[in-house]
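Structure below is structure03.pdb: PDB, C-alpha atoms.
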```pdb
ATOM      1  CA  MET A  30     -35.232  86.352 -10.075
ATOM      2  CA  SER A  31     -31.965  85.366 -11.652
ATOM      3  CA  SER A  32     -29.980  86.708  -8.690
ATOM      4  CA  ALA A  33     -32.135  84.845  -6.130
ATOM      5  CA  PHE A  34     -31.901  81.617  -8.128
ATOM      6  CA  LYS A  35     -28.152  81.994  -8.361
ATOM      7  CA  ASN A  36     -27.830  82.411  -4.578
ATOM      8  CA  PHE A  37     -30.051  79.358  -3.983
ATOM      9  CA  PHE A  38     -27.958  77.191  -6.331
ATOM     10  CA  ILE A  39     -24.706  78.182  -4.656
ATOM     11  CA  THR A  40     -26.153  77.453  -1.186
ATOM     12  CA  PHE A  41     -27.511  74.077  -2.391
ATOM     13  CA  ALA A  42     -24.125  73.064  -3.896
ATOM     14  CA  ILE A  43     -22.276  73.917  -0.677
ATOM     15  CA  CYS A  44     -24.737  71.798   1.338
ATOM     16  CA  LEU A  45     -24.200  68.862  -0.997
ATOM     17  CA  LEU A  46     -20.430  69.049  -0.565
ATOM     18  CA  VAL A  47     -20.721  69.234   3.228
ATOM     19  CA  PHE A  48     -23.133  66.289   3.418
ATOM     20  CA  ALA A  49     -21.024  64.279   0.994
ATOM     21  CA  PHE A  50     -17.849  64.786   3.075
ATOM     22  CA  VAL A  51     -19.565  63.885   6.348
ATOM     23  CA  GLY A  52     -21.319  60.931   4.783
ATOM     24  CA  PHE A  53     -18.165  59.510   3.199
ATOM     25  CA  THR A  54     -16.191  59.842   6.436
ATOM     26  CA  PHE A  55     -18.664  57.811   8.485
ATOM     27  CA  VAL A  56     -19.737  55.418   5.750
ATOM     28  CA  TYR A  57     -16.077  54.556   4.879
ATOM     29  CA  ASP A  58     -15.275  53.631   8.477
ATOM     30  CA  TRP A  59     -18.438  51.565   8.601
ATOM     31  CA  LEU A  60     -17.483  49.754   5.403
ATOM     32  CA  LEU A  61     -14.063  48.882   6.818
ATOM     33  CA  ASP A  62     -15.761  47.295   9.814
ATOM     34  CA  VAL A  63     -18.173  45.292   7.680
ATOM     35  CA  LEU A  64     -15.865  44.208   4.841
ATOM     36  CA  ASN A  65     -12.619  42.293   5.413
ATOM     37  CA  PHE A  66      -9.953  42.940   2.771
ATOM     38  CA  SER A  67      -7.154  41.078   4.524
ATOM     39  CA  ASP A  68      -7.699  37.877   2.506
ATOM     40  CA  MET A  69      -7.769  39.447  -0.922
ATOM     41  CA  ASN A  70      -4.386  37.990  -1.863
ATOM     42  CA  GLU A  71      -5.011  34.509  -0.479
ATOM     43  CA  THR A  72      -6.176  31.567  -2.541
ATOM     44  CA  SER A  73      -9.645  30.125  -2.129
ATOM     45  CA  GLU A  74      -8.152  27.015  -0.474
ATOM     46  CA  SER A  75      -6.746  28.998   2.445
ATOM     47  CA  VAL A  76      -9.968  30.809   3.408
ATOM     48  CA  SER A  77     -12.676  29.155   5.475
ATOM     49  CA  THR A  78     -16.321  29.754   4.594
ATOM     50  CA  ASN A  79     -18.546  30.440   7.596
ATOM     51  CA  VAL A  80     -22.303  30.019   7.205
ATOM     52  CA  SER A  81     -23.254  29.502  10.840
ATOM     53  CA  GLY A  82     -23.762  33.154  11.810
ATOM     54  CA  GLU A  83     -20.496  33.449  13.760
ATOM     55  CA  THR A  84     -18.592  36.723  14.072
ATOM     56  CA  SER A  85     -16.498  38.206  11.268
ATOM     57  CA  GLU A  86     -13.236  37.405  13.143
ATOM     58  CA  GLU A  87     -14.052  33.707  13.080
ATOM     59  CA  GLN A  88     -14.996  33.905   9.425
ATOM     60  CA  SER A  89     -11.517  35.169   8.505
ATOM     61  CA  GLU A  90      -9.633  32.248  10.095
ATOM     62  CA  VAL A  91      -7.187  30.439   7.806
ATOM     63  CA  VAL A  92      -7.656  26.679   7.673
ATOM     64  CA  VAL A  93      -4.288  24.844   7.688
ATOM     65  CA  PRO A  94      -4.534  21.313   6.275
ATOM     66  CA  ASP A  95      -3.281  18.561   8.591
ATOM     67  CA  SER A  96       0.053  17.496   7.074
ATOM     68  CA  GLY A  97       0.928  15.008   9.785
ATOM     69  CA  ILE A  98       3.986  17.085  10.730
ATOM     70  CA  ASP A  99       4.665  17.929  14.361
ATOM     71  CA  GLU A 100       6.470  21.254  14.132
ATOM     72  CA  ASN A 101       7.621  20.873  17.740
ATOM     73  CA  GLY A 102       9.119  17.434  17.149
ATOM     74  CA  ASP A 103      12.796  16.852  17.944
ATOM     75  CA  VAL A 104      15.261  16.030  15.153
ATOM     76  CA  PHE A 105      18.586  14.215  15.536
ATOM     77  CA  THR A 106      20.944  13.965  12.568
ATOM     78  CA  ALA A 107      24.445  12.518  12.675
ATOM     79  CA  PHE A 108      27.158  10.753  10.729
ATOM     80  CA  VAL A 109      28.735   7.808  12.563
ATOM     81  CA  MET A 110      31.985   6.433  11.180
ATOM     82  CA  CYS A 111      34.905   4.160  12.046
ATOM     83  CA  VAL A 112      38.484   4.940  11.062
ATOM     84  CA  ASP A 113      41.772   3.069  10.786
ATOM     85  CA  SER A 114      45.001   3.870  12.623
ATOM     86  CA  GLU A 115      45.695   6.737  10.188
ATOM     87  CA  GLY A 116      42.281   8.290  10.741
ATOM     88  CA  LYS A 117      40.948   7.244   7.342
ATOM     89  CA  MET A 118      37.259   6.441   7.143
ATOM     90  CA  LEU A 119      36.471   2.769   6.609
ATOM     91  CA  ASN A 120      32.692   2.957   6.695
ATOM     92  CA  GLY A 121      29.994   5.323   7.872
ATOM     93  CA  VAL A 122      26.256   5.641   8.439
ATOM     94  CA  PHE A 123      24.034   8.700   8.063
ATOM     95  CA  ILE A 124      21.343   8.836  10.764
ATOM     96  CA  ASP A 125      18.241  11.015  10.462
ATOM     97  CA  SER A 126      15.756  10.497  13.294
ATOM     98  CA  ASN A 127      12.977  12.987  12.651
ATOM     99  CA  GLY A 128      10.445  13.582  15.417
ATOM    100  CA  LYS A 129       8.554  16.029  13.205
ATOM    101  CA  SER A 130       7.612  13.405  10.611
ATOM    102  CA  LYS A 131       8.245  10.276  12.741
ATOM    103  CA  GLN A 132      10.692   8.890  10.148
ATOM    104  CA  PHE A 133      14.039   7.193  10.837
ATOM    105  CA  ILE A 134      16.625   7.001   8.037
ATOM    106  CA  TYR A 135      19.539   4.580   8.343
ATOM    107  CA  CYS A 136      21.841   5.151   5.365
ATOM    108  CA  PRO A 137      25.262   3.463   5.055
ATOM    109  CA  VAL A 138      27.744   5.550   3.063
ATOM    110  CA  SER A 139      30.748   4.009   1.292
ATOM    111  CA  ALA A 140      34.198   5.309   2.151
ATOM    112  CA  ASN A 141      34.993   5.094  -1.582
ATOM    113  CA  LEU A 142      32.284   7.599  -2.485
ATOM    114  CA  LYS A 143      33.895  10.528  -4.294
ATOM    115  CA  THR A 144      33.020  14.166  -3.823
ATOM    116  CA  THR A 145      34.606  17.481  -4.744
ATOM    117  CA  ASN A 146      37.003  19.112  -2.282
ATOM    118  CA  GLU A 147      37.610  22.837  -1.769
ATOM    119  CA  ILE A 148      39.871  23.098  -4.841
ATOM    120  CA  GLY A 149      37.477  21.291  -7.165
ATOM    121  CA  VAL A 150      39.156  17.875  -7.212
ATOM    122  CA  ASN A 151      37.156  14.651  -6.873
ATOM    123  CA  VAL A 152      38.449  12.690  -3.873
ATOM    124  CA  PRO A 153      37.103   9.684  -1.967
ATOM    125  CA  LEU A 154      35.620  10.278   1.462
ATOM    126  CA  TYR A 155      38.312   8.160   3.149
ATOM    127  CA  ASP A 156      40.851  10.790   2.086
ATOM    128  CA  LEU A 157      38.663  13.873   2.385
ATOM    129  CA  PHE A 158      37.508  13.223   5.952
ATOM    130  CA  THR A 159      40.967  12.368   7.299
ATOM    131  CA  THR A 160      41.970  15.962   8.052
ATOM    132  CA  MET A 161      38.482  17.307   8.773
ATOM    133  CA  SER A 162      37.037  18.114  12.191
ATOM    134  CA  PRO A 163      33.694  16.572  13.238
ATOM    135  CA  ASP A 164      31.976  19.898  12.486
ATOM    136  CA  GLU A 165      33.475  20.010   9.001
ATOM    137  CA  ILE A 166      32.476  16.412   8.301
ATOM    138  CA  ALA A 167      28.925  17.152   9.430
ATOM    139  CA  GLN A 168      28.810  20.105   7.017
ATOM    140  CA  CYS A 169      30.048  17.909   4.170
ATOM    141  CA  VAL A 170      27.442  15.229   4.947
ATOM    142  CA  SER A 171      24.784  17.969   4.916
ATOM    143  CA  THR A 172      25.783  18.653   1.315
ATOM    144  CA  LEU A 173      25.843  14.956   0.415
ATOM    145  CA  THR A 174      22.381  14.308   1.810
ATOM    146  CA  GLY A 175      20.552  17.617   1.391
ATOM    147  CA  ILE A 176      19.603  17.318   5.061
ATOM    148  CA  ASN A 177      21.176  19.492   7.740
ATOM    149  CA  THR A 178      23.509  17.169   9.670
ATOM    150  CA  ASP A 179      24.377  18.393  13.150
ATOM    151  CA  TYR A 180      26.789  15.830  14.559
ATOM    152  CA  CYS A 181      29.630  13.514  13.650
ATOM    153  CA  LEU A 182      30.948  10.645  15.773
ATOM    154  CA  ARG A 183      34.263   9.122  14.705
ATOM    155  CA  PHE A 184      35.720   6.108  16.525
ATOM    156  CA  ASP A 185      38.702   3.787  16.107
ATOM    157  CA  ARG A 186      39.555   0.238  17.223
ATOM    158  CA  GLU A 187      40.070   1.158  20.869
ATOM    159  CA  GLY A 188      36.840   3.104  20.966
ATOM    160  CA  LEU A 189      35.003   0.180  19.387
ATOM    161  CA  LYS A 190      36.176  -2.148  22.171
ATOM    162  CA  SER A 191      34.582   0.056  24.820
ATOM    163  CA  ILE A 192      31.375   0.473  22.839
ATOM    164  CA  VAL A 193      30.995  -3.289  22.324
ATOM    165  CA  LYS A 194      31.299  -3.915  26.066
ATOM    166  CA  SER A 195      28.157  -1.855  26.675
ATOM    167  CA  ILE A 196      25.960  -3.728  24.172
ATOM    168  CA  PRO A 197      24.265  -6.856  25.553
ATOM    169  CA  GLY A 198      24.765  -9.815  23.224
ATOM    170  CA  ALA A 199      26.916  -7.822  20.785
ATOM    171  CA  TYR A 200      27.740 -10.021  17.818
ATOM    172  CA  VAL A 201      29.090 -10.239  14.304
ATOM    173  CA  GLU A 202      28.217 -12.770  11.633
ATOM    174  CA  LEU A 203      31.185 -14.312   9.860
ATOM    175  CA  GLY A 204      30.792 -16.075   6.541
ATOM    176  CA  SER A 205      29.258 -19.547   6.822
ATOM    177  CA  THR A 206      32.629 -21.147   6.092
ATOM    178  CA  GLU A 207      34.785 -18.368   7.513
ATOM    179  CA  THR A 208      37.138 -19.314  10.334
ATOM    180  CA  VAL A 209      39.632 -17.017  12.007
ATOM    181  CA  THR A 210      42.667 -18.787  13.425
ATOM    182  CA  VAL A 211      45.407 -17.016  15.359
ATOM    183  CA  VAL A 212      48.414 -18.182  17.333
ATOM    184  CA  ASN A 213      48.007 -17.656  21.051
ATOM    185  CA  PRO A 214      50.555 -14.948  21.966
ATOM    186  CA  ILE A 215      51.509 -16.789  25.150
ATOM    187  CA  TYR A 216      53.409 -19.124  22.846
ATOM    188  CA  SER A 217      55.312 -16.370  21.057
ATOM    189  CA  THR A 218      58.629 -17.913  22.152
ATOM    190  CA  TYR A 219      57.469 -21.520  21.925
ATOM    191  CA  VAL A 220      59.806 -23.864  20.032
ATOM    192  CA  PRO A 221      58.042 -27.064  18.949
ATOM    193  CA  GLU A 222      59.823 -30.336  19.456
ATOM    194  CA  ASP A 223      60.013 -32.954  16.716
ATOM    195  CA  GLY A 224      57.235 -35.486  17.032
ATOM    196  CA  MET A 225      55.496 -33.630  19.853
ATOM    197  CA  PRO A 226      51.974 -32.242  19.413
ATOM    198  CA  TYR A 227      51.313 -28.539  19.833
ATOM    199  CA  PRO A 228      49.566 -27.426  23.043
ATOM    200  CA  GLU A 229      45.762 -27.527  22.760
ATOM    201  CA  ASP A 230      45.488 -23.754  23.136
ATOM    202  CA  TYR A 231      48.327 -22.990  20.724
ATOM    203  CA  TYR A 232      45.784 -22.003  18.086
ATOM    204  CA  ILE A 233      42.755 -19.907  18.876
ATOM    205  CA  THR A 234      39.870 -20.437  16.477
ATOM    206  CA  ILE A 235      36.904 -18.075  16.131
ATOM    207  CA  GLN A 236      33.859 -19.065  14.093
ATOM    208  CA  ASN A 237      30.077 -18.722  14.124
ATOM    209  CA  ASN A 238      28.202 -20.618  16.801
ATOM    210  CA  ALA A 239      25.076 -22.679  16.102
ATOM    211  CA  ASP A 240      23.052 -19.482  15.728
ATOM    212  CA  GLY A 241      25.364 -18.204  12.999
ATOM    213  CA  LYS A 242      26.912 -15.525  15.205
ATOM    214  CA  VAL A 243      30.110 -14.751  17.055
ATOM    215  CA  LEU A 244      29.345 -13.269  20.468
ATOM    216  CA  LEU A 245      31.961 -10.535  20.724
ATOM    217  CA  ASN A 246      32.049 -10.283  24.517
ATOM    218  CA  GLU A 247      32.384 -14.046  25.012
ATOM    219  CA  LEU A 248      35.700 -15.225  26.423
ATOM    220  CA  VAL A 249      37.802 -17.438  24.184
ATOM    221  CA  GLY A 250      40.841 -18.536  26.134
ATOM    222  CA  ASN A 251      42.024 -15.502  28.061
ATOM    223  CA  ARG A 252      40.528 -12.850  25.744
ATOM    224  CA  THR A 253      37.181 -11.864  24.294
ATOM    225  CA  ALA A 254      36.262 -12.920  20.782
ATOM    226  CA  LEU A 255      36.341  -9.242  19.799
ATOM    227  CA  GLU A 256      39.943  -8.838  20.920
ATOM    228  CA  TRP A 257      41.029 -11.875  18.935
ATOM    229  CA  LEU A 258      39.228 -10.698  15.811
ATOM    230  CA  LEU A 259      40.602  -7.166  15.976
ATOM    231  CA  GLU A 260      44.155  -8.461  16.359
ATOM    232  CA  TYR A 261      43.876 -10.933  13.507
ATOM    233  CA  ASN A 262      46.135  -9.981  10.604
ATOM    234  CA  PRO A 263      46.714 -12.299   7.634
ATOM    235  CA  ASN A 264      48.905  -9.699   5.918
ATOM    236  CA  PHE A 265      52.405 -11.159   6.014
ATOM    237  CA  ASP A 266      53.991  -7.772   5.370
ATOM    238  CA  GLY A 267      52.503  -6.437   8.614
ATOM    239  CA  THR A 268      50.277  -3.823   6.955
ATOM    240  CA  GLU A 269      47.072  -3.002   8.769
ATOM    241  CA  TYR A 270      44.198  -5.430   8.208
ATOM    242  CA  ASN A 271      40.794  -3.761   8.367
ATOM    243  CA  ALA A 272      38.330  -6.200   6.787
ATOM    244  CA  LEU A 273      37.119  -7.785  10.034
ATOM    245  CA  TYR A 274      37.233  -4.508  11.922
ATOM    246  CA  THR A 275      35.008  -2.896   9.280
ATOM    247  CA  LYS A 276      32.535  -5.783   9.359
ATOM    248  CA  ILE A 277      32.321  -5.599  13.156
ATOM    249  CA  ALA A 278      31.928  -1.823  13.149
ATOM    250  CA  LYS A 279      29.008  -2.025  10.706
ATOM    251  CA  ALA A 280      27.293  -4.594  12.910
ATOM    252  CA  ILE A 281      27.881  -2.635  16.130
ATOM    253  CA  ILE A 282      26.623   0.700  14.804
ATOM    254  CA  ARG A 283      23.339  -0.962  13.876
ATOM    255  CA  GLN A 284      23.060  -2.827  17.196
ATOM    256  CA  PHE A 285      23.725   0.351  19.129
ATOM    257  CA  PHE A 286      20.616   1.968  17.655
ATOM    258  CA  THR A 287      18.384  -1.105  17.618
ATOM    259  CA  GLN A 288      18.762  -2.018  21.291
ATOM    260  CA  GLU A 289      16.746   0.903  22.638
ATOM    261  CA  ASN A 290      15.904  -0.619  26.016
ATOM    262  CA  ALA A 291      19.532  -1.362  26.858
ATOM    263  CA  MET A 292      21.187   1.675  25.309
ATOM    264  CA  LYS A 293      18.853   4.592  25.999
ATOM    265  CA  SER A 294      20.549   6.245  28.952
ATOM    266  CA  THR A 295      22.731   9.245  29.694
ATOM    267  CA  GLU A 296      25.446   6.917  31.000
ATOM    268  CA  ILE A 297      25.637   5.036  27.704
ATOM    269  CA  MET A 298      25.798   8.268  25.728
ATOM    270  CA  ALA A 299      28.571   9.529  28.009
ATOM    271  CA  MET A 300      30.491   6.344  27.263
ATOM    272  CA  LEU A 301      29.945   6.730  23.513
ATOM    273  CA  ILE A 302      31.065  10.353  23.513
ATOM    274  CA  SER A 303      34.170   9.622  25.585
ATOM    275  CA  ASN A 304      35.211   6.934  23.088
ATOM    276  CA  SER A 305      34.617   9.019  19.971
ATOM    277  CA  ASP A 306      36.016  12.101  18.328
ATOM    278  CA  THR A 307      32.800  14.100  18.160
ATOM    279  CA  ASN A 308      31.077  17.472  18.324
ATOM    280  CA  LEU A 309      28.147  15.914  20.234
ATOM    281  CA  THR A 310      28.054  17.000  23.867
ATOM    282  CA  LEU A 311      26.465  15.069  26.703
ATOM    283  CA  ASP A 312      23.938  17.853  27.290
ATOM    284  CA  ARG A 313      22.808  17.718  23.682
ATOM    285  CA  ALA A 314      22.752  13.916  23.684
ATOM    286  CA  SER A 315      20.537  13.950  26.770
ATOM    287  CA  GLU A 316      18.127  16.368  25.096
ATOM    288  CA  HIS A 317      17.925  14.111  22.016
ATOM    289  CA  LEU A 318      17.817  10.813  23.935
ATOM    290  CA  ASP A 319      14.303   9.691  22.950
ATOM    291  CA  THR A 320      14.870  10.732  19.351
ATOM    292  CA  ILE A 321      18.243   9.013  19.040
ATOM    293  CA  PHE A 322      16.712   5.720  20.089
ATOM    294  CA  SER A 323      13.694   5.676  17.767
ATOM    295  CA  TYR A 324      14.926   2.996  15.369
ATOM    296  CA  ASN A 325      12.074   0.707  16.434
ATOM    297  CA  THR A 326       9.561   3.503  17.114
ATOM    298  CA  PHE A 327       9.478   5.681  14.001
ATOM    299  CA  LYS A 328       8.833   4.455  10.479
ATOM    300  CA  ARG A 329      12.233   3.155   9.423
ATOM    301  CA  HIS A 330      13.947   3.492   6.038
ATOM    302  CA  GLU A 331      17.189   1.640   5.329
ATOM    303  CA  ILE A 332      18.852   2.729   2.131
ATOM    304  CA  ASN A 333      22.411   2.585   0.845
ATOM    305  CA  TYR A 334      23.620   5.963  -0.367
ATOM    306  CA  PRO A 335      22.827   6.169  -4.116
ATOM    307  CA  SER A 336      25.714   6.639  -6.516
ATOM    308  CA  ASN A 337      24.107   9.737  -8.041
ATOM    309  CA  TRP A 338      24.208  12.820  -5.795
ATOM    310  CA  GLU A 339      21.028  14.448  -7.089
ATOM    311  CA  GLN A 340      19.073  11.210  -6.741
ATOM    312  CA  ALA A 341      20.484  10.743  -3.248
ATOM    313  CA  VAL A 342      19.413  14.204  -2.104
ATOM    314  CA  ASP A 343      15.934  13.875  -3.608
ATOM    315  CA  ARG A 344      15.394  10.417  -2.150
ATOM    316  CA  LEU A 345      16.679  11.181   1.341
ATOM    317  CA  ARG A 346      14.700  14.403   1.619
ATOM    318  CA  GLU A 347      11.600  12.539   0.481
ATOM    319  CA  LEU A 348      12.114   9.864   3.135
ATOM    320  CA  ASP A 349      12.769  12.491   5.799
ATOM    321  CA  GLY A 350       9.200  13.631   5.273
ATOM    322  CA  SER A 351       9.500  17.120   6.737
ATOM    323  CA  LEU A 352      11.404  18.835   3.925
ATOM    324  CA  LYS A 353       8.981  20.045   1.283
TER     325      LYS A 353
END
```
Write the structure described by the file as structure tokens, please.
Amino acid sequence: MSSAFKNFFITFAICLLVFAFVGFTFVYDWLLDVLNFSDMNETSESVSTNVSGETSEEQSEVVVPDSGIDENGDVFTAFVMCVDSEGKMLNGVFIDSNGKSKQFIYCPVSANLKTTNEIGVNVPLYDLFTTMSPDEIAQCVSTLTGINTDYCLRFDREGLKSIVKSIPGAYVELGSTETVTVVNPIYSTYVPEDGMPYPEDYYITIQNNADGKVLLNELVGNRTALEWLLEYNPNFDGTEYNALYTKIAKAIIRQFFTQENAMKSTEIMAMLISNSDTNLTLDRASEHLDTIFSYNTFKRHEINYPSNWEQAVDRLRELDGSLK
């Protein structure tokens, strides 16, 4: 009896092992089909709950909250600046037109703002940018703003003249009591006679009209108001006078972006590029055309660059809306 029982027990144990192996093989595959382990490491917020009897594939979909960001939106970032005859920056504006978040940042940046150069010395931007290429300036502005800046456009007095010609109704606002008076150069050799009045056009006077503006393309004598203003120099020692030029440049940069209907064309961008030292190509400008001229379309933020770098970066990235 003991020998028969022993043989039965051995046979029974072998059968159990065989059935267990076969059962585990098929049951394990079945469990993998029924249970989905792919979301084990995801938070409860990222997993959708399906109670409508749909398939297991649909149950495992991840719900992405609507953030209001268009990931396919176009982004145009640039630094636009005017320079004097030595190439020193007089004023500049950081532009961030973001088609992803539909935000437009217009941020004037002072030429006196100091930042650290490559050898660790604090220098003002008007010195730092003088020897830099447009690409290098764009990289520096990326650091200043915390926002990747792709392009730089740098123009001088001659470039400004061409740009102003393309802007309908281009203007500058002088001070309410400010009058610019210059001697008409046609009288450069004129010798006044005792007791005789000066010719009526001996002095050329530029001041605001009734609307409080000087129309820059308007003829005054034989020149435009812009030409007279840019040539005005009260410095008796002959040193360059940039106050009026800077004021005009600030006004024109803004008007260039605000007049979307008049300025949004490939021809205008070709003109701008040809009158600037820039890394922006016409092909790229054409691709960005709608985004460049979104000053009146996107939500607009106008902010002067804060004096504190960390605050500036935090604030500008917040206003950009797509950098989280």
As a compact mmCIF listing (two decimals) with C-alpha atoms, in the frame of the given file, please: the residues near region 179-188 of chain A (cut-off 6 Å, only C-alpha atoms, same-chain neighbours under 4 positions excluded).
```
# COMPACT_ATOMS: atom_id res chain seq x y z
CA THR A 106 20.94 13.96 12.57
CA ALA A 107 24.44 12.52 12.68
CA PHE A 108 27.16 10.75 10.73
CA VAL A 109 28.74 7.81 12.56
CA MET A 110 31.98 6.43 11.18
CA CYS A 111 34.90 4.16 12.05
CA VAL A 112 38.48 4.94 11.06
CA PRO A 163 33.69 16.57 13.24
CA ALA A 167 28.92 17.15 9.43
CA ASN A 304 35.21 6.93 23.09
CA SER A 305 34.62 9.02 19.97
CA ASP A 306 36.02 12.10 18.33
CA THR A 307 32.80 14.10 18.16
CA ASN A 308 31.08 17.47 18.32
CA LEU A 309 28.15 15.91 20.23
```
If we count all atoms listed in the file, what is near region 228-243 of chain A at a cut-off of 8 Å, once residues fewer than 3 positions away on the same chain are taken out, given as a count of residues only? 18
Quick one: residues within 6 Å of Tyr155 (chain A), only C-alpha atoms, excluding same-chain residues fewer than 2 positions away - as a list in words?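 Once the adjacent positions are removed, what remains is Lys117, Met118, Ala140, Pro153, Leu157 and Phe158 of chain A.
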Which residue of A:Tyr135, A:Tyr274, A:Phe286, A:Phe327 approaches Lys190 (chain A) most closely, using all atoms listed in the file: A:Tyr274
For the provided coordinates, the residues matched by the PyMOL selection byres ((chain A and resi 276) around 12) should be stated as JSON, numbers by chain. {"A": [111, 119, 120, 121, 189, 200, 201, 202, 203, 204, 255, 258, 259, 270, 271, 272, 273, 274, 275, 277, 278, 279, 280, 281, 282, 283]}
How would you write, as number ranges by chain, the residues chosen by the PyMOL selection byres ((chain A and resi 345) around 8) on this structure? A: 134, 174-176, 341-344, 346-349
Pairwise distance for CA of Pro137 (chain A) and CA of Ile332 (chain A), rounded to one decimal in Å: 7.1 Å
Which residues, protein or nucleic acid, reach to within 7 Å of (3.5, 15.1, 14.4) in the file's coordinates when using all atoms listed in the file, and can you give that as a list in words? Gly97, Ile98, Asp99, Glu100, Gly102, Lys129, Ser130 and Lys131 of chain A
Pairwise distance for CA of Glu115 (chain A) and CA of Cys136 (chain A), rounded to one decimal in Å: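 Between CA of Glu115 (chain A) and CA of Cys136 (chain A) the gap is 24.4 Å.
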Non-local contacts of Asn146 (chain A) (12 Å; only C-alpha atoms; under 3 positions in same chain excluded) as number ranges by chain: A: 143, 149-154, 156-158, 160-161, 165-166, 169, 172
For CA of Thr218 (chain A) and CA of Thr268 (chain A), determine how far apart the two atoms are, in Å to one decimal place.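 Spanning CA of Thr218 (chain A) to CA of Thr268 (chain A) is a straight-line distance of 22.3 Å.
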